[in-house]
file model24.cif (mmCIF, N, CA and C atoms)
data_entry
#
loop_
_atom_site.group_PDB
_atom_site.id
_atom_site.type_symbol
_atom_site.label_atom_id
_atom_site.label_comp_id
_atom_site.auth_asym_id
_atom_site.auth_seq_id
_atom_site.Cartn_x
_atom_site.Cartn_y
_atom_site.Cartn_z
ATOM 1 N N MET A 1 -6.177 12.942 -9.173
ATOM 2 C CA MET A 1 -4.945 12.301 -8.782
ATOM 3 C C MET A 1 -3.788 13.052 -9.436
ATOM 4 N N ASP A 2 -2.735 13.218 -8.673
ATOM 5 C CA ASP A 2 -1.596 13.949 -9.193
ATOM 6 C C ASP A 2 -0.288 13.324 -8.706
ATOM 7 N N LYS A 3 0.785 14.013 -9.007
ATOM 8 C CA LYS A 3 2.127 13.537 -8.666
ATOM 9 C C LYS A 3 2.260 13.263 -7.166
ATOM 10 N N SER A 4 1.658 14.114 -6.354
ATOM 11 C CA SER A 4 1.779 13.949 -4.904
ATOM 12 C C SER A 4 1.125 12.658 -4.418
ATOM 13 N N PHE A 5 0.087 12.181 -5.123
ATOM 14 C CA PHE A 5 -0.543 10.909 -4.753
ATOM 15 C C PHE A 5 0.475 9.775 -4.893
ATOM 16 N N ILE A 6 1.201 9.760 -6.006
ATOM 17 C CA ILE A 6 2.182 8.699 -6.247
ATOM 18 C C ILE A 6 3.299 8.774 -5.210
ATOM 19 N N GLN A 7 3.776 9.967 -4.929
ATOM 20 C CA GLN A 7 4.814 10.141 -3.914
ATOM 21 C C GLN A 7 4.349 9.582 -2.569
ATOM 22 N N ALA A 8 3.171 10.000 -2.154
ATOM 23 C CA ALA A 8 2.640 9.583 -0.854
ATOM 24 C C ALA A 8 2.364 8.086 -0.817
ATOM 25 N N ARG A 9 1.875 7.545 -1.922
ATOM 26 C CA ARG A 9 1.550 6.116 -1.947
ATOM 27 C C ARG A 9 2.812 5.277 -1.824
ATOM 28 N N TYR A 10 3.858 5.675 -2.518
ATOM 29 C CA TYR A 10 5.144 4.966 -2.391
ATOM 30 C C TYR A 10 5.583 4.944 -0.930
ATOM 31 N N ALA A 11 5.544 6.109 -0.292
ATOM 32 C CA ALA A 11 5.992 6.206 1.100
ATOM 33 C C ALA A 11 5.098 5.397 2.032
ATOM 34 N N THR A 12 3.792 5.495 1.851
ATOM 35 C CA THR A 12 2.852 4.780 2.711
ATOM 36 C C THR A 12 3.078 3.277 2.644
ATOM 37 N N ILE A 13 3.208 2.763 1.441
ATOM 38 C CA ILE A 13 3.383 1.323 1.258
ATOM 39 C C ILE A 13 4.742 0.876 1.788
ATOM 40 N N ARG A 14 5.767 1.629 1.463
ATOM 41 C CA ARG A 14 7.115 1.266 1.918
ATOM 42 C C ARG A 14 7.194 1.265 3.439
ATOM 43 N N LEU A 15 6.684 2.304 4.059
ATOM 44 C CA LEU A 15 6.744 2.407 5.518
ATOM 45 C C LEU A 15 5.910 1.324 6.204
ATOM 46 N N ALA A 16 4.779 0.972 5.613
ATOM 47 C CA ALA A 16 3.947 -0.091 6.185
ATOM 48 C C ALA A 16 4.688 -1.431 6.200
ATOM 49 N N HIS A 17 5.587 -1.597 5.250
ATOM 50 C CA HIS A 17 6.389 -2.819 5.182
ATOM 51 C C HIS A 17 7.706 -2.695 5.943
ATOM 52 N N ARG A 18 7.911 -1.541 6.537
ATOM 53 C CA ARG A 18 9.112 -1.281 7.358
ATOM 54 C C ARG A 18 10.412 -1.589 6.608
ATOM 55 N N ILE A 19 10.507 -1.031 5.419
ATOM 56 C CA ILE A 19 11.713 -1.182 4.620
ATOM 57 C C ILE A 19 12.246 0.209 4.305
ATOM 58 N N SER A 20 13.536 0.380 4.395
ATOM 59 C CA SER A 20 14.122 1.697 4.118
ATOM 60 C C SER A 20 14.057 1.999 2.624
ATOM 61 N N ALA A 21 14.079 3.269 2.317
ATOM 62 C CA ALA A 21 14.063 3.688 0.912
ATOM 63 C C ALA A 21 15.301 3.165 0.194
ATOM 64 N N ARG A 22 16.429 3.213 0.864
ATOM 65 C CA ARG A 22 17.680 2.733 0.271
ATOM 66 C C ARG A 22 17.604 1.238 -0.039
ATOM 67 N N LYS A 23 17.153 0.458 0.948
ATOM 68 C CA LYS A 23 17.074 -0.997 0.749
ATOM 69 C C LYS A 23 16.094 -1.335 -0.371
ATOM 70 N N LEU A 24 14.950 -0.668 -0.388
ATOM 71 C CA LEU A 24 13.963 -0.937 -1.438
ATOM 72 C C LEU A 24 14.532 -0.580 -2.805
ATOM 73 N N SER A 25 15.226 0.538 -2.896
ATOM 74 C CA SER A 25 15.845 0.928 -4.165
ATOM 75 C C SER A 25 16.758 -0.182 -4.672
ATOM 76 N N LEU A 26 17.586 -0.689 -3.787
ATOM 77 C CA LEU A 26 18.522 -1.753 -4.173
ATOM 78 C C LEU A 26 17.783 -3.049 -4.517
ATOM 79 N N GLU A 27 16.747 -3.378 -3.755
ATOM 80 C CA GLU A 27 15.946 -4.587 -4.027
ATOM 81 C C GLU A 27 15.305 -4.512 -5.415
ATOM 82 N N LEU A 28 14.968 -3.303 -5.830
ATOM 83 C CA LEU A 28 14.348 -3.113 -7.143
ATOM 84 C C LEU A 28 15.382 -2.961 -8.262
ATOM 85 N N GLY A 29 16.664 -3.069 -7.895
ATOM 86 C CA GLY A 29 17.723 -2.989 -8.893
ATOM 87 C C GLY A 29 18.014 -1.573 -9.363
ATOM 88 N N GLN A 30 17.768 -0.620 -8.507
ATOM 89 C CA GLN A 30 17.953 0.792 -8.862
ATOM 90 C C GLN A 30 19.076 1.410 -8.027
ATOM 91 N N SER A 31 19.375 2.666 -8.307
ATOM 92 C CA SER A 31 20.372 3.390 -7.510
ATOM 93 C C SER A 31 19.835 3.559 -6.089
ATOM 94 N N THR A 32 20.734 3.819 -5.160
ATOM 95 C CA THR A 32 20.346 3.911 -3.750
ATOM 96 C C THR A 32 19.371 5.048 -3.471
ATOM 97 N N GLU A 33 19.314 6.053 -4.332
ATOM 98 C CA GLU A 33 18.454 7.216 -4.118
ATOM 99 C C GLU A 33 17.121 7.145 -4.870
ATOM 100 N N TYR A 34 16.894 6.079 -5.620
ATOM 101 C CA TYR A 34 15.721 5.960 -6.491
ATOM 102 C C TYR A 34 14.399 6.223 -5.758
ATOM 103 N N ILE A 35 14.143 5.508 -4.685
ATOM 104 C CA ILE A 35 12.873 5.647 -3.969
ATOM 105 C C ILE A 35 12.778 7.019 -3.308
ATOM 106 N N ASN A 36 13.863 7.500 -2.722
ATOM 107 C CA ASN A 36 13.856 8.843 -2.130
ATOM 108 C C ASN A 36 13.503 9.901 -3.161
ATOM 109 N N GLN A 37 14.025 9.769 -4.368
ATOM 110 C CA GLN A 37 13.730 10.741 -5.412
ATOM 111 C C GLN A 37 12.241 10.735 -5.770
ATOM 112 N N ILE A 38 11.643 9.566 -5.807
ATOM 113 C CA ILE A 38 10.207 9.476 -6.101
ATOM 114 C C ILE A 38 9.410 10.082 -4.953
ATOM 115 N N GLU A 39 9.721 9.666 -3.725
ATOM 116 C CA GLU A 39 8.966 10.133 -2.563
ATOM 117 C C GLU A 39 9.135 11.631 -2.320
ATOM 118 N N ASN A 40 10.250 12.197 -2.738
ATOM 119 C CA ASN A 40 10.491 13.635 -2.568
ATOM 120 C C ASN A 40 10.067 14.464 -3.772
ATOM 121 N N GLY A 41 9.480 13.822 -4.774
ATOM 122 C CA GLY A 41 8.958 14.540 -5.928
ATOM 123 C C GLY A 41 9.986 14.974 -6.945
ATOM 124 N N LYS A 42 11.184 14.445 -6.868
ATOM 125 C CA LYS A 42 12.221 14.816 -7.833
ATOM 126 C C LYS A 42 12.047 14.088 -9.159
ATOM 127 N N CYS A 43 11.351 12.949 -9.127
ATOM 128 C CA CYS A 43 11.054 12.221 -10.368
ATOM 129 C C CYS A 43 9.837 11.334 -10.137
ATOM 130 N N LEU A 44 9.294 10.845 -11.209
ATOM 131 C CA LEU A 44 8.204 9.875 -11.153
ATOM 132 C C LEU A 44 8.736 8.530 -11.640
ATOM 133 N N PRO A 45 8.165 7.447 -11.153
ATOM 134 C CA PRO A 45 8.623 6.152 -11.657
ATOM 135 C C PRO A 45 8.158 5.939 -13.092
ATOM 136 N N SER A 46 8.931 5.192 -13.838
ATOM 137 C CA SER A 46 8.471 4.779 -15.164
ATOM 138 C C SER A 46 7.361 3.758 -14.961
ATOM 139 N N LEU A 47 6.671 3.423 -16.035
ATOM 140 C CA LEU A 47 5.645 2.385 -15.930
ATOM 141 C C LEU A 47 6.268 1.078 -15.461
ATOM 142 N N GLU A 48 7.426 0.748 -16.006
ATOM 143 C CA GLU A 48 8.124 -0.472 -15.587
ATOM 144 C C GLU A 48 8.509 -0.386 -14.113
ATOM 145 N N GLY A 49 8.961 0.781 -13.671
ATOM 146 C CA GLY A 49 9.314 0.962 -12.263
ATOM 147 C C GLY A 49 8.118 0.785 -11.348
ATOM 148 N N LEU A 50 6.975 1.322 -11.760
ATOM 149 C CA LEU A 50 5.749 1.174 -10.979
ATOM 150 C C LEU A 50 5.314 -0.286 -10.927
ATOM 151 N N LEU A 51 5.385 -0.967 -12.063
ATOM 152 C CA LEU A 51 5.034 -2.389 -12.102
ATOM 153 C C LEU A 51 5.947 -3.205 -11.187
ATOM 154 N N ASN A 52 7.238 -2.894 -11.202
ATOM 155 C CA ASN A 52 8.189 -3.598 -10.343
ATOM 156 C C ASN A 52 7.890 -3.347 -8.866
ATOM 157 N N PHE A 53 7.553 -2.105 -8.551
ATOM 158 C CA PHE A 53 7.198 -1.746 -7.176
ATOM 159 C C PHE A 53 5.994 -2.559 -6.719
ATOM 160 N N CYS A 54 4.953 -2.592 -7.541
ATOM 161 C CA CYS A 54 3.736 -3.331 -7.195
ATOM 162 C C CYS A 54 4.011 -4.829 -7.077
ATOM 163 N N GLU A 55 4.781 -5.348 -7.987
ATOM 164 C CA GLU A 55 5.124 -6.775 -7.945
ATOM 165 C C GLU A 55 5.902 -7.096 -6.670
ATOM 166 N N TYR A 56 6.826 -6.242 -6.308
ATOM 167 C CA TYR A 56 7.634 -6.447 -5.101
ATOM 168 C C TYR A 56 6.738 -6.575 -3.871
ATOM 169 N N PHE A 57 5.711 -5.737 -3.802
ATOM 170 C CA PHE A 57 4.810 -5.744 -2.649
ATOM 171 C C PHE A 57 3.564 -6.602 -2.877
ATOM 172 N N GLN A 58 3.563 -7.351 -3.963
ATOM 173 C CA GLN A 58 2.478 -8.282 -4.298
ATOM 174 C C GLN A 58 1.112 -7.593 -4.287
ATOM 175 N N MET A 59 1.054 -6.492 -5.025
ATOM 176 C CA MET A 59 -0.204 -5.781 -5.163
ATOM 177 C C MET A 59 -0.433 -5.455 -6.635
ATOM 178 N N SER A 60 -1.673 -5.247 -6.987
ATOM 179 C CA SER A 60 -1.990 -4.896 -8.371
ATOM 180 C C SER A 60 -1.866 -3.386 -8.569
ATOM 181 N N ILE A 61 -1.776 -2.998 -9.821
ATOM 182 C CA ILE A 61 -1.760 -1.565 -10.148
ATOM 183 C C ILE A 61 -3.056 -0.918 -9.662
ATOM 184 N N GLY A 62 -4.158 -1.647 -9.792
ATOM 185 C CA GLY A 62 -5.448 -1.139 -9.322
ATOM 186 C C GLY A 62 -5.428 -0.845 -7.833
ATOM 187 N N GLU A 63 -4.839 -1.738 -7.053
ATOM 188 C CA GLU A 63 -4.736 -1.512 -5.611
ATOM 189 C C GLU A 63 -3.864 -0.297 -5.319
ATOM 190 N N PHE A 64 -2.787 -0.150 -6.081
ATOM 191 C CA PHE A 64 -1.897 0.994 -5.886
ATOM 192 C C PHE A 64 -2.655 2.302 -6.083
ATOM 193 N N PHE A 65 -3.472 2.376 -7.126
ATOM 194 C CA PHE A 65 -4.147 3.626 -7.470
ATOM 195 C C PHE A 65 -5.520 3.795 -6.820
ATOM 196 N N GLU A 66 -5.975 2.833 -6.045
ATOM 197 C CA GLU A 66 -7.291 2.935 -5.408
ATOM 198 C C GLU A 66 -7.259 4.023 -4.341
ATOM 199 N N GLU A 67 -7.846 5.161 -4.661
ATOM 200 C CA GLU A 67 -7.795 6.316 -3.763
ATOM 201 C C GLU A 67 -8.557 6.099 -2.457
ATOM 202 N N ASN A 68 -9.559 5.239 -2.469
ATOM 203 C CA ASN A 68 -10.336 4.984 -1.258
ATOM 204 C C ASN A 68 -9.578 4.114 -0.253
ATOM 205 N N PHE A 69 -8.502 3.495 -0.673
ATOM 206 C CA PHE A 69 -7.688 2.658 0.213
ATOM 207 C C PHE A 69 -6.514 3.490 0.701
ATOM 208 N N ARG A 70 -6.724 4.210 1.790
ATOM 209 C CA ARG A 70 -5.648 5.052 2.312
ATOM 210 C C ARG A 70 -4.500 4.226 2.871
ATOM 211 N N TYR A 71 -4.801 3.038 3.339
ATOM 212 C CA TYR A 71 -3.794 2.157 3.945
ATOM 213 C C TYR A 71 -3.846 0.784 3.277
ATOM 214 N N PRO A 72 -3.416 0.703 2.029
ATOM 215 C CA PRO A 72 -3.598 -0.537 1.261
ATOM 216 C C PRO A 72 -2.948 -1.771 1.881
ATOM 217 N N VAL A 73 -1.823 -1.631 2.519
ATOM 218 C CA VAL A 73 -1.147 -2.784 3.116
ATOM 219 C C VAL A 73 -1.971 -3.329 4.276
ATOM 220 N N GLN A 74 -2.446 -2.441 5.126
ATOM 221 C CA GLN A 74 -3.239 -2.864 6.263
ATOM 222 C C GLN A 74 -4.573 -3.465 5.813
ATOM 223 N N TYR A 75 -5.182 -2.867 4.787
ATOM 224 C CA TYR A 75 -6.440 -3.405 4.274
ATOM 225 C C TYR A 75 -6.250 -4.822 3.750
ATOM 226 N N GLU A 76 -5.152 -5.056 3.067
ATOM 227 C CA GLU A 76 -4.885 -6.392 2.519
ATOM 228 C C GLU A 76 -4.780 -7.420 3.644
ATOM 229 N N LYS A 77 -4.144 -7.061 4.734
ATOM 230 C CA LYS A 77 -4.035 -7.976 5.880
ATOM 231 C C LYS A 77 -5.413 -8.293 6.459
ATOM 232 N N ILE A 78 -6.239 -7.270 6.571
ATOM 233 C CA ILE A 78 -7.586 -7.466 7.110
ATOM 234 C C ILE A 78 -8.409 -8.342 6.181
ATOM 235 N N ILE A 79 -8.316 -8.097 4.885
ATOM 236 C CA ILE A 79 -9.079 -8.885 3.910
ATOM 237 C C ILE A 79 -8.667 -10.353 3.964
ATOM 238 N N LYS A 80 -7.375 -10.613 4.095
ATOM 239 C CA LYS A 80 -6.917 -12.007 4.195
ATOM 240 C C LYS A 80 -7.545 -12.699 5.396
ATOM 241 N N GLU A 81 -7.634 -11.998 6.508
ATOM 242 C CA GLU A 81 -8.243 -12.579 7.704
ATOM 243 C C GLU A 81 -9.753 -12.741 7.528
ATOM 244 N N LEU A 82 -10.404 -11.748 6.904
ATOM 245 C CA LEU A 82 -11.840 -11.854 6.666
ATOM 246 C C LEU A 82 -12.177 -13.040 5.770
ATOM 247 N N ASN A 83 -11.311 -13.329 4.818
ATOM 248 C CA ASN A 83 -11.552 -14.450 3.910
ATOM 249 C C ASN A 83 -11.520 -15.800 4.613
ATOM 250 N N LYS A 84 -11.018 -15.841 5.822
ATOM 251 C CA LYS A 84 -10.988 -17.082 6.607
ATOM 252 C C LYS A 84 -12.282 -17.285 7.398
ATOM 253 N N MET A 85 -13.152 -16.277 7.409
ATOM 254 C CA MET A 85 -14.351 -16.292 8.241
ATOM 255 C C MET A 85 -15.597 -16.630 7.446
ATOM 256 N N ASP A 86 -16.623 -17.083 8.185
ATOM 257 C CA ASP A 86 -17.916 -17.322 7.543
ATOM 258 C C ASP A 86 -18.708 -16.013 7.525
ATOM 259 N N ALA A 87 -19.820 -16.008 6.821
ATOM 260 C CA ALA A 87 -20.609 -14.790 6.621
ATOM 261 C C ALA A 87 -21.112 -14.201 7.935
ATOM 262 N N LEU A 88 -21.527 -15.034 8.862
ATOM 263 C CA LEU A 88 -22.041 -14.552 10.142
ATOM 264 C C LEU A 88 -20.950 -13.831 10.939
ATOM 265 N N THR A 89 -19.769 -14.399 10.963
ATOM 266 C CA THR A 89 -18.654 -13.783 11.684
ATOM 267 C C THR A 89 -18.270 -12.451 11.039
ATOM 268 N N ILE A 90 -18.263 -12.409 9.718
ATOM 269 C CA ILE A 90 -17.953 -11.157 9.023
ATOM 270 C C ILE A 90 -18.983 -10.082 9.366
ATOM 271 N N GLU A 91 -20.240 -10.460 9.471
ATOM 272 C CA GLU A 91 -21.287 -9.507 9.843
ATOM 273 C C GLU A 91 -21.039 -8.966 11.247
ATOM 274 N N LYS A 92 -20.607 -9.818 12.155
ATOM 275 C CA LYS A 92 -20.289 -9.386 13.525
ATOM 276 C C LYS A 92 -19.092 -8.418 13.525
ATOM 277 N N VAL A 93 -18.102 -8.698 12.709
ATOM 278 C CA VAL A 93 -16.951 -7.798 12.589
ATOM 279 C C VAL A 93 -17.420 -6.442 12.068
ATOM 280 N N TYR A 94 -18.293 -6.450 11.076
ATOM 281 C CA TYR A 94 -18.827 -5.198 10.519
ATOM 282 C C TYR A 94 -19.576 -4.409 11.592
ATOM 283 N N GLU A 95 -20.400 -5.092 12.388
ATOM 284 C CA GLU A 95 -21.138 -4.426 13.461
ATOM 285 C C GLU A 95 -20.169 -3.821 14.479
ATOM 286 N N PHE A 96 -19.096 -4.539 14.773
ATOM 287 C CA PHE A 96 -18.084 -4.039 15.703
ATOM 288 C C PHE A 96 -17.416 -2.779 15.154
ATOM 289 N N ILE A 97 -17.102 -2.790 13.881
ATOM 290 C CA ILE A 97 -16.484 -1.611 13.240
ATOM 291 C C ILE A 97 -17.429 -0.418 13.322
ATOM 292 N N GLN A 98 -18.706 -0.666 13.095
ATOM 293 C CA GLN A 98 -19.679 0.428 13.190
ATOM 294 C C GLN A 98 -19.704 1.016 14.596
ATOM 295 N N LEU A 99 -19.634 0.155 15.598
ATOM 296 C CA LEU A 99 -19.617 0.638 16.989
ATOM 297 C C LEU A 99 -18.382 1.499 17.255
ATOM 298 N N ILE A 100 -17.248 1.068 16.766
ATOM 299 C CA ILE A 100 -15.996 1.811 16.969
ATOM 300 C C ILE A 100 -16.086 3.185 16.316
ATOM 301 N N ASN A 101 -16.697 3.262 15.160
ATOM 302 C CA ASN A 101 -16.730 4.505 14.393
ATOM 303 C C ASN A 101 -17.803 5.488 14.847
ATOM 304 N N ARG A 102 -18.580 5.137 15.824
ATOM 305 C CA ARG A 102 -19.633 6.066 16.307
ATOM 306 C C ARG A 102 -19.075 7.142 17.163
#
call {"tool": "encode", "arguments": {"input": "model24.cif", "output": "structure tokens"}}
result
Amino acid sequence: MDKSFIQARYATIRLAHRISARKLSLELGQSTEYINQIENGKCLPSLEGLLNFCEYFQMSIGEFFEENFRYPVQYEKIIKELNKMDALTIEKVYEFIQLINR
């Protein structure tokens, strides 16, 4: 994991929530260019900045850094829906996913 992972993750999460970099910067109490600077590799967020980012999007630091979750926002939506289902239905969803991926 390197600097580019953090840059890309910020952009992926922000774009999935359809919020502009400027608006997010202001929502986080930062200068208007804060998020753009992170996403463009001009700076890295502080630990406090990263925590604020995760809190804003209601995700854990672990979820942020989970490399196997390329689309963490979308995965969270799917998991919420799966949690509403019984085990048999979840198994059917899994079988459907396997069919799609063939």
call {"tool": "residues_near_point", "arguments": {"input": "model24.cif", "point": "(9.7, -3.8, -3.9)", "cutoff": "12 Å", "atoms": "only C-alpha atoms", "output": "ChimeraX atom specification"}}
result
/A:10-11,13-15,17-30,34-35,49-59
call {"tool": "resolve_selection", "arguments": {"input": "model24.cif", "expression": "the PyMOL selection byres (((chain A and resi 44 and name CA) around 12) and name CA)", "output": "JSON, numbers by chain"}}
result
{"A": [2, 3, 4, 5, 6, 7, 8, 9, 10, 34, 35, 36, 37, 38, 39, 40, 41, 42, 43, 45, 46, 47, 48, 49, 50]}
call {"tool": "atom_distance", "arguments": {"input": "model24.cif", "atom1": "atom CA of A:Pro72", "atom2": "atom CA of A:Tyr94"}}
result
18.4 Å
call {"tool": "atom_distance", "arguments": {"input": "model24.cif", "atom1": "atom C of A:Asn83", "atom2": "atom N of A:Arg102"}}
result
24.8 Å
call {"tool": "closest_residue", "arguments": {"input": "model24.cif", "among": "A:Glu63, A:Ala87, A:Val93, A:Leu99", "to": "A:Tyr75", "atoms": "only C-alpha atoms"}}
result
A:Glu63
call {"tool": "atom_distance", "arguments": {"input": "model24.cif", "atom1": "atom CA of A:Thr12", "atom2": "atom N of A:Leu82"}}
result
21.6 Å
call {"tool": "select_by_dssp", "arguments": {"input": "model24.cif", "residues": "chain A", "states": "helix (DSSP H, G or I)", "output": "VMD selection string"}}
result
chain A and resid 3 to 16 21 to 27 34 to 39 47 to 56 61 to 65 72 to 82 87 to 100
call {"tool": "build_atoms", "arguments": {"input": "model24.cif", "residues": "stretch 28-44 of chain A", "atoms": "N, CA, C and O atoms", "output": "mmCIF file, in the frame of the given file"}}
result
data_model
loop_
_atom_site.group_PDB
_atom_site.id
_atom_site.type_symbol
_atom_site.label_atom_id
_atom_site.label_comp_id
_atom_site.auth_asym_id
_atom_site.auth_seq_id
_atom_site.Cartn_x
_atom_site.Cartn_y
_atom_site.Cartn_z
ATOM 1 N N LEU A 28 14.968 -3.303 -5.830
ATOM 2 C CA LEU A 28 14.348 -3.113 -7.143
ATOM 3 C C LEU A 28 15.382 -2.961 -8.262
ATOM 4 O O LEU A 28 15.025 -2.726 -9.411
ATOM 5 N N GLY A 29 16.664 -3.069 -7.895
ATOM 6 C CA GLY A 29 17.723 -2.989 -8.893
ATOM 7 C C GLY A 29 18.014 -1.573 -9.363
ATOM 8 O O GLY A 29 18.462 -1.367 -10.491
ATOM 9 N N GLN A 30 17.768 -0.620 -8.507
ATOM 10 C CA GLN A 30 17.953 0.792 -8.862
ATOM 11 C C GLN A 30 19.076 1.410 -8.027
ATOM 12 O O GLN A 30 19.618 0.762 -7.135
ATOM 13 N N SER A 31 19.375 2.666 -8.307
ATOM 14 C CA SER A 31 20.372 3.390 -7.510
ATOM 15 C C SER A 31 19.835 3.559 -6.089
ATOM 16 O O SER A 31 18.623 3.495 -5.855
ATOM 17 N N THR A 32 20.734 3.819 -5.160
ATOM 18 C CA THR A 32 20.346 3.911 -3.750
ATOM 19 C C THR A 32 19.371 5.048 -3.471
ATOM 20 O O THR A 32 18.649 5.018 -2.474
ATOM 21 N N GLU A 33 19.314 6.053 -4.332
ATOM 22 C CA GLU A 33 18.454 7.216 -4.118
ATOM 23 C C GLU A 33 17.121 7.145 -4.870
ATOM 24 O O GLU A 33 16.301 8.061 -4.769
ATOM 25 N N TYR A 34 16.894 6.079 -5.620
ATOM 26 C CA TYR A 34 15.721 5.960 -6.491
ATOM 27 C C TYR A 34 14.399 6.223 -5.758
ATOM 28 O O TYR A 34 13.616 7.081 -6.160
ATOM 29 N N ILE A 35 14.143 5.508 -4.685
ATOM 30 C CA ILE A 35 12.873 5.647 -3.969
ATOM 31 C C ILE A 35 12.778 7.019 -3.308
ATOM 32 O O ILE A 35 11.722 7.657 -3.344
ATOM 33 N N ASN A 36 13.863 7.500 -2.722
ATOM 34 C CA ASN A 36 13.856 8.843 -2.130
ATOM 35 C C ASN A 36 13.503 9.901 -3.161
ATOM 36 O O ASN A 36 12.758 10.844 -2.863
ATOM 37 N N GLN A 37 14.025 9.769 -4.368
ATOM 38 C CA GLN A 37 13.730 10.741 -5.412
ATOM 39 C C GLN A 37 12.241 10.735 -5.770
ATOM 40 O O GLN A 37 11.655 11.793 -6.004
ATOM 41 N N ILE A 38 11.643 9.566 -5.807
ATOM 42 C CA ILE A 38 10.207 9.476 -6.101
ATOM 43 C C ILE A 38 9.410 10.082 -4.953
ATOM 44 O O ILE A 38 8.524 10.917 -5.157
ATOM 45 N N GLU A 39 9.721 9.666 -3.725
ATOM 46 C CA GLU A 39 8.966 10.133 -2.563
ATOM 47 C C GLU A 39 9.135 11.631 -2.320
ATOM 48 O O GLU A 39 8.246 12.271 -1.767
ATOM 49 N N ASN A 40 10.250 12.197 -2.738
ATOM 50 C CA ASN A 40 10.491 13.635 -2.568
ATOM 51 C C ASN A 40 10.067 14.464 -3.772
ATOM 52 O O ASN A 40 10.288 15.673 -3.809
ATOM 53 N N GLY A 41 9.480 13.822 -4.774
ATOM 54 C CA GLY A 41 8.958 14.540 -5.928
ATOM 55 C C GLY A 41 9.986 14.974 -6.945
ATOM 56 O O GLY A 41 9.684 15.790 -7.813
ATOM 57 N N LYS A 42 11.184 14.445 -6.868
ATOM 58 C CA LYS A 42 12.221 14.816 -7.833
ATOM 59 C C LYS A 42 12.047 14.088 -9.159
ATOM 60 O O LYS A 42 12.546 14.530 -10.179
ATOM 61 N N CYS A 43 11.351 12.949 -9.127
ATOM 62 C CA CYS A 43 11.054 12.221 -10.368
ATOM 63 C C CYS A 43 9.837 11.334 -10.137
ATOM 64 O O CYS A 43 9.409 11.138 -9.006
ATOM 65 N N LEU A 44 9.294 10.845 -11.209
ATOM 66 C CA LEU A 44 8.204 9.875 -11.153
ATOM 67 C C LEU A 44 8.736 8.530 -11.640
ATOM 68 O O LEU A 44 9.647 8.492 -12.467
#
